[in-house]
Protein chains: 2
Amino acid sequence: MIEDKNPKKTSIGELGEFGLIDYLTKNIKISHSSTIKGIGDDAAVLDFKNKKAVVSTDLLVEGVHFDLAYMPIKHLGYKAVMVNLSDVYAMNAEATHITVSIAISNRFPLEAVEELYKGIRLACEKYNIDLIGGDTTSSTKGMLISVTAFGEANQEDIVYRNGANAGDLLVVTGDIGGAYLGLQVLEREKQVFQVNPNMQPDLDMYSYIIERQLKPEARQDIPGLLKALDIKPTSMIDVSDGLSSEILHICKQSKVGCNLFEEKIPLDPQVISTCEEFKVDSTTMALSGGEDYELLFTIKQDDYPKIKANPNFTIIGHMTQESEGVHLITRANQKVEMVAKGWNPLKKEEE
Amino acid sequence: MIEDKNPKKTSIGELGEFGLIDYLTKNIKISHSSTIKGIGDDAAVLDFKNKKAVVSTDLLVEGVHFDLAYMPIKHLGYKAVMVNLSDVYAMNAEATHITVSIAISNRFPLEAVEELYKGIRLACEKYNIDLIGGDTTSSTKGMLISVTAFGEANQEDIVYRNGANAGDLLVVTGDIGGAYLGLQVLEREKQVFQVNPNMQPDLDMYSYIIERQLKPEARQDIPGLLKALDIKPTSMIDVSDGLSSEILHICKQSKVGCNLFEEKIPLDPQVISTCEEFKVDSTTMALSGGEDYELLFTIKQDDYPKIKANPNFTIIGHMTQESEGVHLITRANQKVEMVAKGWNPLKKEEE
């Protein structure tokens, strides 16, 4: 779809690494006073003063994490940033800076890389992030994006995965399972398109879940909202690999158990209707799907009045003693042990 | 050479991403008090107190930046760290933390990834670096390593590329051109091996230049040495792409010209003898070779007495007015305009 079959397009090789970097970074603006030096030297220089620096990094690989057959390349750039910012927000911190490294095969023209950077810059503008460095090189096959995100927070505000206690309430933002179902719709349409390229799919009825997959938004609003509500979660993680995987992370690191109530899991109506169409179980999708980039956290029971009826939050369970284990309580009131079924990128090739 | 043809080896896919991360990071020690939280949460948390944070990132791609036919995988891990630390030292800063992301195809067994991490950990131990995070995923082809390095410095000590003035002396550490010539030797041996696998090459006479290629050391000692000599360079950069490329970076950013004296360029005897054997010009190798990871910097003329006769440093030229241009003064006293011939990773595939 974006291979370099048009001879009018600009070859990246001609521009060279430094030419490409100059070209891609000429519109980069710096907005944080903590950015003493951004792009253009051996390293960037940051000044976090009395705040603590928070650092997170993620790698997205073509053919493993994304498929350019249906992922517009600008959205890919946007999503690569979101994936990382989400980790910073999950520390209850403010995201402030990113570095972006890309490897691209020469099958991509300059215009494709420019589209990628457009998405990256859009994300930076919208989320008030300074792009401060990176590396641009070629790959022998496909495209790969590595983003490292930085944030800042007062030490007393930072929330780890290991602070949950028995009795705490388990809370999730937004709704879950949409991104994975959006991917299923896109995969199906790709098959249809390969059989009949003239078919014009009508995807209106899937617009929400497709957007959840192609253009996710990290929950930048949550740390501020929690502060305004005078809540400091006891533990927090972002939902990138699926609800069950994230709950197990919190339980393992906090040395607690958990009861998750199936009926409480927040699902968008499009998730429910698409699950019916695909004949898959919506709870399984929410537990194992991943890529929702919502935040999952625990709070003290005393904080319950502060969040009840707040449309941003859903209480989906409570933490127990570690010896009680980690369970899903089904709608039929059955207690099922939860095991991680999150997405395993290292197994993908074998399956 | 390290493909997974031995069924006794451990498959990475079986371990899963979290299993692999646990396995690889169980021996990671933290030694900096600035590391509040390392591996194991959504993000790491760092405390730079009154110092400034310095950040650099690089991406190494199999088939572009390294060839596992002759690069031992442990050395690859070591080198990936060196490449990044070198950028931090080039800011006149102390390197303190790294994050490491790797993408690997399933052709690699667990033992290969473990070797890679052995090299990474060895580099961290030797250079006193805390490994604080990363991402581990699969690739559809080959191996890829993305490292982000962090350092700290007092604001007044940081040296940028843009501070050189006309009249300043141009200084380089160590010697230049060895890493690239080492690569030429290894490429030749690879060809020989492909023709006759029973051939046992005798590489003793190339030991220094091969080590420069396979196991480079970043100049951690230089910022401290400069401080001890009471020298603050006016500009500094690391020699990763070749001397001419680095000089042109300093000249462009500092808005100055330069006269580089061919006869002053420090060359190891092995570089000279191997150049003769390969019938290539040693100056061209030094100017265009790259990967030496020495430091190139400018100092005020007044500082000359502080460094003369110091075996770590060689004065190779001086800066001029921008209008005078950037020139190599040859042994025959000819003035040749310098143009960047550094390595261009984006052109490699086309050549």
# chains A, B, ... in the order shown; residues from 1 in each chain; ligands from 1
$ closest_atom_pairs --of "chain B" --to "chain A" --cutoff "8 Å" --atoms "only C-alpha atoms" --output "CSV"
residue,atom,partner,partner_atom,distance
B:Ile12,CA,A:Leu346,CA,6.7
B:Gly13,CA,A:Lys347,CA,4.4
B:Glu14,CA,A:Lys347,CA,7.1
B:Gly16,CA,A:Leu346,CA,5.9
B:Glu17,CA,A:Leu346,CA,6.1
B:Asp41,CA,A:Arg161,CA,6.2
B:Asp42,CA,A:Asp87,CA,4.9
B:Ala43,CA,A:Ser56,CA,4.5
B:Ala44,CA,A:Val55,CA,5.0
B:Val45,CA,A:Val54,CA,4.4
B:Leu46,CA,A:Ala53,CA,4.8
B:Asp47,CA,A:Lys52,CA,4.9
B:Phe48,CA,A:Phe48,CA,7.2
B:Lys49,CA,A:Asn50,CA,6.0
B:Asn50,CA,A:Lys49,CA,6.0
B:Lys51,CA,A:Asp47,CA,7.4
B:Lys52,CA,A:Asp47,CA,4.9
B:Ala53,CA,A:Leu46,CA,4.8
B:Val54,CA,A:Val45,CA,4.4
B:Val55,CA,A:Ala44,CA,5.0
B:Ser56,CA,A:Ala43,CA,4.5
B:Thr57,CA,A:Gly134,CA,5.6
B:Asp58,CA,A:Asp135,CA,5.4
B:Leu59,CA,A:Asp135,CA,6.3
B:Val61,CA,A:Ser139,CA,6.3
B:Glu62,CA,A:Thr140,CA,7.8
B:Gly63,CA,A:Thr140,CA,6.4
B:Val64,CA,A:Ser139,CA,6.6
B:Asp87,CA,A:Asp42,CA,4.9
B:Val88,CA,A:Ala43,CA,6.2
B:Ala90,CA,A:Asp42,CA,6.4
B:Met91,CA,A:Asp42,CA,6.6
B:Thr99,CA,A:Thr57,CA,7.3
B:Ser101,CA,A:Leu59,CA,6.6
B:Ile102,CA,A:Leu59,CA,7.7
B:Ala103,CA,A:Leu59,CA,7.7
B:Asn106,CA,A:Glu349,CA,7.1
B:Gly133,CA,A:Ser56,CA,7.0
B:Gly134,CA,A:Thr57,CA,5.7
B:Asp135,CA,A:Asp58,CA,5.4
B:Thr136,CA,A:Leu59,CA,7.8
B:Thr137,CA,A:Pro345,CA,5.7
B:Ser138,CA,A:Leu346,CA,5.1
B:Ser139,CA,A:Val61,CA,6.3
B:Thr140,CA,A:Gly63,CA,6.4
B:Lys141,CA,A:Lys141,CA,7.1
B:Ser146,CA,A:Ser146,CA,6.9
B:Thr148,CA,A:Thr148,CA,7.5
B:Tyr160,CA,A:Asp41,CA,6.5
B:Arg161,CA,A:Asp41,CA,6.2
B:Ile237,CA,A:Asp42,CA,6.5
B:Asp238,CA,A:Asp42,CA,7.5
B:Asn344,CA,A:Gly16,CA,6.1
B:Pro345,CA,A:Thr137,CA,5.7
B:Leu346,CA,A:Gly13,CA,4.9
B:Lys347,CA,A:Gly13,CA,4.4
B:Lys348,CA,A:Gly13,CA,8.0
B:Glu349,CA,A:Asn106,CA,7.1
B:Glu350,CA,A:Gly13,CA,7.6
$ residues_around --residues "His32 in chain B" --least-positions-apart "4" --cutoff "9 Å" --atoms "only C-alpha atoms" --output "PyMOL selection string"
chain B and resi 36+96-97+128-130
$ residues_around --residues "range 70-81 of chain A" --least-positions-apart "2" --cutoff "6 Å" --atoms "only C-alpha atoms" --output "ChimeraX atom specification"
/A:67-68,83-84,115-116,119-120,123,215
$ residues_around --residues "Thr320 in chain A" --least-positions-apart "2" --cutoff "10 Å" --atoms "only C-alpha atoms" --output "JSON, numbers by chain"
{"A": [164, 165, 166, 167, 168, 169, 251, 255, 256, 257, 258, 259, 317, 318, 322, 323, 324, 325, 326, 327]}
$ write_last_selection --atoms "N, CA and C atoms" --output "PDB file, in the first residue's frame"
ATOM      1  N   ALA A 164      -0.872  -2.307  46.471  1.00  0.00           N
ATOM      2  CA  ALA A 164      -2.256  -2.708  46.750  1.00  0.00           C
ATOM      3  C   ALA A 164      -2.329  -3.535  48.033  1.00  0.00           C
ATOM      4  N   ASN A 165      -3.415  -3.371  48.776  1.00  0.00           N
ATOM      5  CA  ASN A 165      -3.636  -4.133  50.008  1.00  0.00           C
ATOM      6  C   ASN A 165      -4.967  -4.869  49.945  1.00  0.00           C
ATOM      7  N   ALA A 166      -5.073  -5.957  50.684  1.00  0.00           N
ATOM      8  CA  ALA A 166      -6.342  -6.683  50.775  1.00  0.00           C
ATOM      9  C   ALA A 166      -7.415  -5.706  51.242  1.00  0.00           C
ATOM     10  N   GLY A 167      -8.582  -5.766  50.592  1.00  0.00           N
ATOM     11  CA  GLY A 167      -9.653  -4.841  50.932  1.00  0.00           C
ATOM     12  C   GLY A 167      -9.745  -3.648  49.994  1.00  0.00           C
ATOM     13  N   ASP A 168      -8.656  -3.316  49.286  1.00  0.00           N
ATOM     14  CA  ASP A 168      -8.700  -2.204  48.326  1.00  0.00           C
ATOM     15  C   ASP A 168      -9.685  -2.510  47.199  1.00  0.00           C
ATOM     16  N   LEU A 169     -10.251  -1.449  46.644  1.00  0.00           N
ATOM     17  CA  LEU A 169     -11.137  -1.604  45.493  1.00  0.00           C
ATOM     18  C   LEU A 169     -10.316  -1.553  44.203  1.00  0.00           C
ATOM     19  N   CYS A 251      -1.272  -8.099  41.456  1.00  0.00           N
ATOM     20  CA  CYS A 251      -1.366  -9.078  42.545  1.00  0.00           C
ATOM     21  C   CYS A 251       0.006  -9.646  42.901  1.00  0.00           C
ATOM     22  N   LYS A 255       1.608  -8.681  46.315  1.00  0.00           N
ATOM     23  CA  LYS A 255       1.403  -9.853  47.172  1.00  0.00           C
ATOM     24  C   LYS A 255      -0.010  -9.865  47.756  1.00  0.00           C
ATOM     25  N   VAL A 256      -0.985  -9.738  46.856  1.00  0.00           N
ATOM     26  CA  VAL A 256      -2.395  -9.819  47.252  1.00  0.00           C
ATOM     27  C   VAL A 256      -3.128 -10.729  46.275  1.00  0.00           C
ATOM     28  N   GLY A 257      -4.355 -11.098  46.612  1.00  0.00           N
ATOM     29  CA  GLY A 257      -5.244 -11.784  45.705  1.00  0.00           C
ATOM     30  C   GLY A 257      -6.268 -10.802  45.166  1.00  0.00           C
ATOM     31  N   CYS A 258      -7.223 -11.302  44.363  1.00  0.00           N
ATOM     32  CA  CYS A 258      -8.211 -10.392  43.780  1.00  0.00           C
ATOM     33  C   CYS A 258      -9.470 -11.150  43.398  1.00  0.00           C
ATOM     34  N   ASN A 259     -10.612 -10.533  43.619  1.00  0.00           N
ATOM     35  CA  ASN A 259     -11.858 -11.012  43.029  1.00  0.00           C
ATOM     36  C   ASN A 259     -12.323  -9.983  42.002  1.00  0.00           C
ATOM     37  N   GLY A 317     -13.840  -4.805  41.064  1.00  0.00           N
ATOM     38  CA  GLY A 317     -13.500  -5.900  41.969  1.00  0.00           C
ATOM     39  C   GLY A 317     -12.851  -5.382  43.231  1.00  0.00           C
ATOM     40  N   HIS A 318     -12.309  -6.287  44.016  1.00  0.00           N
ATOM     41  CA  HIS A 318     -11.576  -5.884  45.211  1.00  0.00           C
ATOM     42  C   HIS A 318     -10.420  -6.847  45.464  1.00  0.00           C
ATOM     43  N   GLU A 322      -3.399 -12.690  49.736  1.00  0.00           N
ATOM     44  CA  GLU A 322      -2.699 -13.397  48.667  1.00  0.00           C
ATOM     45  C   GLU A 322      -3.100 -14.870  48.627  1.00  0.00           C
ATOM     46  N   SER A 323      -3.294 -15.458  49.819  1.00  0.00           N
ATOM     47  CA  SER A 323      -3.605 -16.890  49.895  1.00  0.00           C
ATOM     48  C   SER A 323      -4.952 -17.232  49.251  1.00  0.00           C
ATOM     49  N   GLU A 324      -5.811 -16.237  49.093  1.00  0.00           N
ATOM     50  CA  GLU A 324      -7.127 -16.502  48.487  1.00  0.00           C
ATOM     51  C   GLU A 324      -7.057 -16.613  46.967  1.00  0.00           C
ATOM     52  N   GLY A 325      -5.936 -16.194  46.366  1.00  0.00           N
ATOM     53  CA  GLY A 325      -5.760 -16.349  44.923  1.00  0.00           C
ATOM     54  C   GLY A 325      -6.433 -15.247  44.107  1.00  0.00           C
ATOM     55  N   VAL A 326      -6.317 -15.381  42.801  1.00  0.00           N
ATOM     56  CA  VAL A 326      -6.846 -14.371  41.877  1.00  0.00           C
ATOM     57  C   VAL A 326      -7.979 -15.015  41.086  1.00  0.00           C
ATOM     58  N   HIS A 327      -9.185 -14.472  41.238  1.00  0.00           N
ATOM     59  CA  HIS A 327     -10.357 -15.131  40.647  1.00  0.00           C
ATOM     60  C   HIS A 327     -11.266 -14.175  39.886  1.00  0.00           C
TER      61      HIS A 327
END
$ select_by_dssp --residues "range 156-336 of chain A" --states "alpha helix (DSSP H)" --output "tab-separated table (two decimals) with C-alpha atoms, in the first residue's frame"
chain	number	residue	atom	x	y	z
A	178	GLY	CA	-12.54	-2.54	22.06
A	179	ALA	CA	-9.02	-2.30	20.63
A	180	TYR	CA	-8.68	-6.04	20.24
A	181	LEU	CA	-12.10	-6.42	18.62
A	182	GLY	CA	-11.25	-3.55	16.28
A	183	LEU	CA	-8.21	-5.55	15.24
A	184	GLN	CA	-10.40	-8.59	14.51
A	185	VAL	CA	-12.62	-6.47	12.24
A	186	LEU	CA	-9.59	-5.05	10.42
A	187	GLU	CA	-8.07	-8.51	9.96
A	188	ARG	CA	-11.33	-9.76	8.47
A	189	GLU	CA	-11.58	-6.81	6.09
A	190	LYS	CA	-8.01	-7.43	4.98
A	191	GLN	CA	-8.95	-11.00	4.03
A	192	VAL	CA	-12.02	-9.76	2.16
A	193	PHE	CA	-9.96	-7.15	0.35
A	194	GLN	CA	-7.39	-9.76	-0.72
A	195	VAL	CA	-10.16	-11.85	-2.27
A	207	SER	CA	-16.12	3.00	14.04
A	208	TYR	CA	-15.52	3.12	17.80
A	209	ILE	CA	-13.63	-0.15	18.12
A	210	ILE	CA	-11.57	0.51	14.96
A	211	GLU	CA	-10.56	3.88	16.36
A	212	ARG	CA	-9.62	2.20	19.63
A	213	GLN	CA	-7.24	0.00	17.61
A	214	LEU	CA	-5.87	2.52	15.13
A	221	ASP	CA	-6.44	13.22	32.17
A	222	ILE	CA	-6.42	10.61	34.94
A	223	PRO	CA	-3.46	11.72	37.13
A	224	GLY	CA	-4.90	15.25	37.30
A	225	LEU	CA	-8.42	13.98	37.86
A	226	LEU	CA	-7.28	11.73	40.71
A	227	LYS	CA	-5.44	14.65	42.27
A	228	ALA	CA	-8.54	16.86	41.98
A	243	LEU	CA	-7.08	-7.01	31.94
A	244	SER	CA	-6.13	-10.44	33.35
A	245	SER	CA	-2.43	-9.93	32.68
A	246	GLU	CA	-2.49	-6.50	34.36
A	247	ILE	CA	-4.43	-7.72	37.41
A	248	LEU	CA	-1.94	-10.55	37.83
A	249	HIS	CA	0.95	-8.06	37.67
A	250	ILE	CA	-0.57	-5.98	40.47
A	251	CYS	CA	-1.37	-9.08	42.55
A	252	LYS	CA	2.11	-10.56	42.11
A	253	GLN	CA	3.93	-7.33	42.93
A	254	SER	CA	1.62	-6.31	45.77
A	269	PRO	CA	-22.14	-1.54	23.11
A	270	GLN	CA	-20.06	-1.99	19.91
A	271	VAL	CA	-17.87	-4.48	21.76
A	272	ILE	CA	-20.95	-6.46	22.82
A	273	SER	CA	-22.57	-6.46	19.37
A	274	THR	CA	-19.31	-7.30	17.57
A	275	CYS	CA	-18.64	-10.15	20.02
A	276	GLU	CA	-22.08	-11.54	19.14
A	277	GLU	CA	-21.32	-11.21	15.43
A	278	PHE	CA	-17.92	-12.89	15.77
A	282	SER	CA	-16.92	-10.51	25.48
A	283	THR	CA	-15.37	-11.25	28.89
A	284	THR	CA	-12.60	-13.25	27.25
A	285	MET	CA	-11.95	-10.32	24.91
A	286	ALA	CA	-11.72	-7.89	27.82
A	287	LEU	CA	-9.50	-10.18	29.88
A	288	SER	CA	-7.11	-11.18	27.11
A	304	TYR	CA	-15.03	5.01	47.52
A	305	PRO	CA	-17.32	8.03	48.01
A	306	LYS	CA	-14.91	10.17	45.99
A	307	ILE	CA	-15.26	8.11	42.81
$ closest_residue --among "B:Val172, B:Leu267, B:Leu328, B:Ile299" --to "Asn312 in chain B" --atoms "only C-alpha atoms"
B:Val172
$ residues_around --residues "Pro266 in chain B" --least-positions-apart "4" --cutoff "10 Å" --atoms "only C-alpha atoms" --output "MDAnalysis selection string"
chainID B and resid 172:177 262 271 283 286 313:316
$ write_last_selection --atoms "C-alpha atoms" --output "mmCIF file, in the first residue's frame"
data_model
loop_
_atom_site.group_PDB
_atom_site.id
_atom_site.type_symbol
_atom_site.label_atom_id
_atom_site.label_comp_id
_atom_site.auth_asym_id
_atom_site.auth_seq_id
_atom_site.Cartn_x
_atom_site.Cartn_y
_atom_site.Cartn_z
ATOM 1 C CA VAL B 172 41.091 13.974 19.554
ATOM 2 C CA THR B 173 41.512 11.182 22.114
ATOM 3 C CA GLY B 174 43.185 7.839 21.355
ATOM 4 C CA ASP B 175 43.670 6.834 17.729
ATOM 5 C CA ILE B 176 41.372 6.758 14.733
ATOM 6 C CA GLY B 177 40.433 4.422 11.868
ATOM 7 C CA GLU B 262 46.808 15.083 7.913
ATOM 8 C CA VAL B 271 46.093 0.655 11.081
ATOM 9 C CA THR B 283 43.849 9.175 6.060
ATOM 10 C CA ALA B 286 40.445 7.862 9.567
ATOM 11 C CA PHE B 313 45.253 13.669 23.539
ATOM 12 C CA THR B 314 46.462 14.679 20.085
ATOM 13 C CA ILE B 315 46.067 18.178 18.691
ATOM 14 C CA ILE B 316 45.075 17.631 15.074
#
$ select_by_dssp --residues "range 29-189 of chain A" --states "strand (DSSP E or B)" --output "JSON, numbers by chain"
{"A": [35, 36, 37, 44, 45, 46, 52, 53, 54, 55, 56, 57, 58, 59, 60, 61, 62, 66, 94, 95, 96, 97, 98, 99, 100, 101, 102, 103, 104, 130, 131, 132, 133, 134, 135, 136, 137, 138, 143, 144, 145, 146, 147, 148, 149, 150, 151, 152, 153, 169, 170, 171, 172, 173]}
$ write_last_selection --atoms "N, CA and C atoms" --output "short mmCIF file (atom, residue, chain, number, x, y, z; two decimals), in the first residue's frame"
data_model
loop_
_atom_site.label_atom_id
_atom_site.label_comp_id
_atom_site.auth_asym_id
_atom_site.auth_seq_id
_atom_site.Cartn_x
_atom_site.Cartn_y
_atom_site.Cartn_z
N THR A 35 13.37 21.29 29.15
CA THR A 35 14.20 20.90 28.01
C THR A 35 15.29 21.94 27.79
N ILE A 36 16.48 21.66 28.30
CA ILE A 36 17.59 22.59 28.14
C ILE A 36 18.17 22.46 26.74
N LYS A 37 18.27 21.23 26.25
CA LYS A 37 18.74 20.98 24.89
C LYS A 37 17.97 19.81 24.31
N ALA A 44 20.38 14.83 24.58
CA ALA A 44 19.53 15.91 25.06
C ALA A 44 19.85 16.18 26.52
N VAL A 45 19.54 17.38 26.98
CA VAL A 45 19.78 17.73 28.38
C VAL A 45 18.47 18.18 29.01
N LEU A 46 18.12 17.56 30.12
CA LEU A 46 16.86 17.85 30.79
C LEU A 46 17.10 18.30 32.22
N LYS A 52 10.93 14.14 40.31
CA LYS A 52 11.59 12.91 39.93
C LYS A 52 11.32 12.66 38.44
N ALA A 53 12.29 12.07 37.77
CA ALA A 53 12.14 11.73 36.36
C ALA A 53 11.58 10.31 36.24
N VAL A 54 10.62 10.13 35.33
CA VAL A 54 10.00 8.83 35.09
C VAL A 54 10.33 8.44 33.64
N VAL A 55 10.75 7.19 33.42
CA VAL A 55 11.23 6.77 32.10
C VAL A 55 10.58 5.47 31.68
N SER A 56 10.09 5.41 30.44
CA SER A 56 9.49 4.18 29.93
C SER A 56 9.85 4.01 28.47
N THR A 57 9.97 2.76 28.00
CA THR A 57 10.35 2.54 26.60
C THR A 57 9.59 1.37 26.01
N ASP A 58 9.23 1.48 24.73
CA ASP A 58 8.51 0.42 24.01
C ASP A 58 8.99 0.35 22.57
N LEU A 59 8.88 -0.85 22.03
CA LEU A 59 9.36 -1.14 20.69
C LEU A 59 8.17 -1.67 19.88
N LEU A 60 7.89 -1.09 18.71
CA LEU A 60 6.83 -1.59 17.84
C LEU A 60 7.44 -2.11 16.54
N VAL A 61 7.13 -3.34 16.19
CA VAL A 61 7.75 -4.01 15.04
C VAL A 61 6.69 -4.34 14.00
N GLU A 62 6.95 -3.95 12.74
CA GLU A 62 6.03 -4.28 11.66
C GLU A 62 5.89 -5.79 11.53
N PHE A 66 2.12 -4.28 14.32
CA PHE A 66 1.23 -3.55 13.42
C PHE A 66 1.35 -4.10 12.00
N GLU A 94 3.28 13.14 35.03
CA GLU A 94 3.01 13.93 33.83
C GLU A 94 4.06 13.59 32.78
N ALA A 95 3.63 13.17 31.59
CA ALA A 95 4.58 12.89 30.51
C ALA A 95 5.06 14.21 29.91
N THR A 96 6.37 14.31 29.65
CA THR A 96 6.92 15.59 29.21
C THR A 96 7.80 15.49 27.96
N HIS A 97 8.55 14.40 27.79
CA HIS A 97 9.51 14.30 26.69
C HIS A 97 9.48 12.91 26.08
N ILE A 98 9.84 12.82 24.79
CA ILE A 98 10.08 11.50 24.18
C ILE A 98 11.32 11.56 23.29
N THR A 99 11.97 10.39 23.14
CA THR A 99 12.91 10.18 22.04
C THR A 99 12.29 9.12 21.13
N VAL A 100 12.55 9.22 19.83
CA VAL A 100 11.97 8.29 18.86
C VAL A 100 13.08 7.76 17.95
N SER A 101 13.27 6.45 17.92
CA SER A 101 14.20 5.85 16.97
C SER A 101 13.41 5.02 15.97
N ILE A 102 13.75 5.17 14.69
CA ILE A 102 13.07 4.35 13.70
C ILE A 102 14.07 3.65 12.80
N ALA A 103 13.72 2.41 12.43
CA ALA A 103 14.48 1.68 11.41
C ALA A 103 13.49 1.40 10.28
N ILE A 104 13.89 1.69 9.06
CA ILE A 104 12.98 1.52 7.93
C ILE A 104 13.72 0.92 6.75
N ASP A 130 7.68 17.26 24.47
CA ASP A 130 8.84 17.70 23.69
C ASP A 130 9.56 16.48 23.10
N LEU A 131 9.71 16.48 21.78
CA LEU A 131 10.51 15.44 21.11
C LEU A 131 11.97 15.89 21.18
N ILE A 132 12.81 15.14 21.89
CA ILE A 132 14.16 15.65 22.21
C ILE A 132 15.30 14.85 21.60
N GLY A 133 15.02 13.79 20.84
CA GLY A 133 16.13 13.06 20.26
C GLY A 133 15.67 11.78 19.61
N GLY A 134 16.63 11.04 19.06
CA GLY A 134 16.30 9.78 18.44
C GLY A 134 17.40 9.32 17.52
N ASP A 135 17.08 8.29 16.75
CA ASP A 135 18.04 7.72 15.82
C ASP A 135 17.23 7.27 14.61
N THR A 136 17.80 7.44 13.43
CA THR A 136 17.09 7.08 12.21
C THR A 136 18.02 6.23 11.38
N THR A 137 17.62 5.00 11.09
CA THR A 137 18.51 4.12 10.36
C THR A 137 17.70 3.20 9.46
N SER A 138 18.39 2.37 8.70
CA SER A 138 17.65 1.49 7.81
C SER A 138 17.51 0.11 8.43
N MET A 143 9.51 -2.03 9.08
CA MET A 143 9.65 -0.80 9.84
C MET A 143 9.60 -1.12 11.32
N LEU A 144 10.34 -0.37 12.09
CA LEU A 144 10.40 -0.58 13.53
C LEU A 144 10.51 0.76 14.23
N ILE A 145 9.76 0.93 15.28
CA ILE A 145 9.76 2.20 16.01
C ILE A 145 10.02 1.93 17.47
N SER A 146 11.01 2.62 18.01
CA SER A 146 11.33 2.52 19.43
C SER A 146 11.14 3.89 20.06
N VAL A 147 10.27 3.99 21.04
CA VAL A 147 10.00 5.26 21.69
C VAL A 147 10.38 5.14 23.17
N THR A 148 11.06 6.15 23.68
CA THR A 148 11.30 6.24 25.12
C THR A 148 10.62 7.51 25.61
N ALA A 149 9.79 7.37 26.63
CA ALA A 149 9.05 8.52 27.15
C ALA A 149 9.54 8.89 28.54
N PHE A 150 9.57 10.17 28.82
CA PHE A 150 9.99 10.70 30.11
C PHE A 150 8.84 11.49 30.71
N GLY A 151 8.76 11.46 32.01
CA GLY A 151 7.76 12.26 32.68
C GLY A 151 8.32 12.77 33.98
N GLU A 152 7.53 13.56 34.68
CA GLU A 152 7.99 14.06 35.97
C GLU A 152 6.85 13.99 36.97
N ALA A 153 7.24 13.89 38.22
CA ALA A 153 6.24 13.82 39.29
C ALA A 153 6.93 14.14 40.61
N LEU A 169 -10.25 -1.45 46.64
CA LEU A 169 -11.14 -1.60 45.49
C LEU A 169 -10.32 -1.55 44.20
N LEU A 170 -10.74 -2.36 43.21
CA LEU A 170 -10.07 -2.39 41.90
C LEU A 170 -10.89 -1.56 40.92
N VAL A 171 -10.24 -0.58 40.30
CA VAL A 171 -10.95 0.39 39.46
C VAL A 171 -10.32 0.43 38.07
N VAL A 172 -11.14 0.56 37.03
CA VAL A 172 -10.59 0.73 35.69
C VAL A 172 -11.23 1.96 35.05
N THR A 173 -10.46 2.65 34.21
CA THR A 173 -11.00 3.81 33.49
C THR A 173 -11.62 3.32 32.17
#
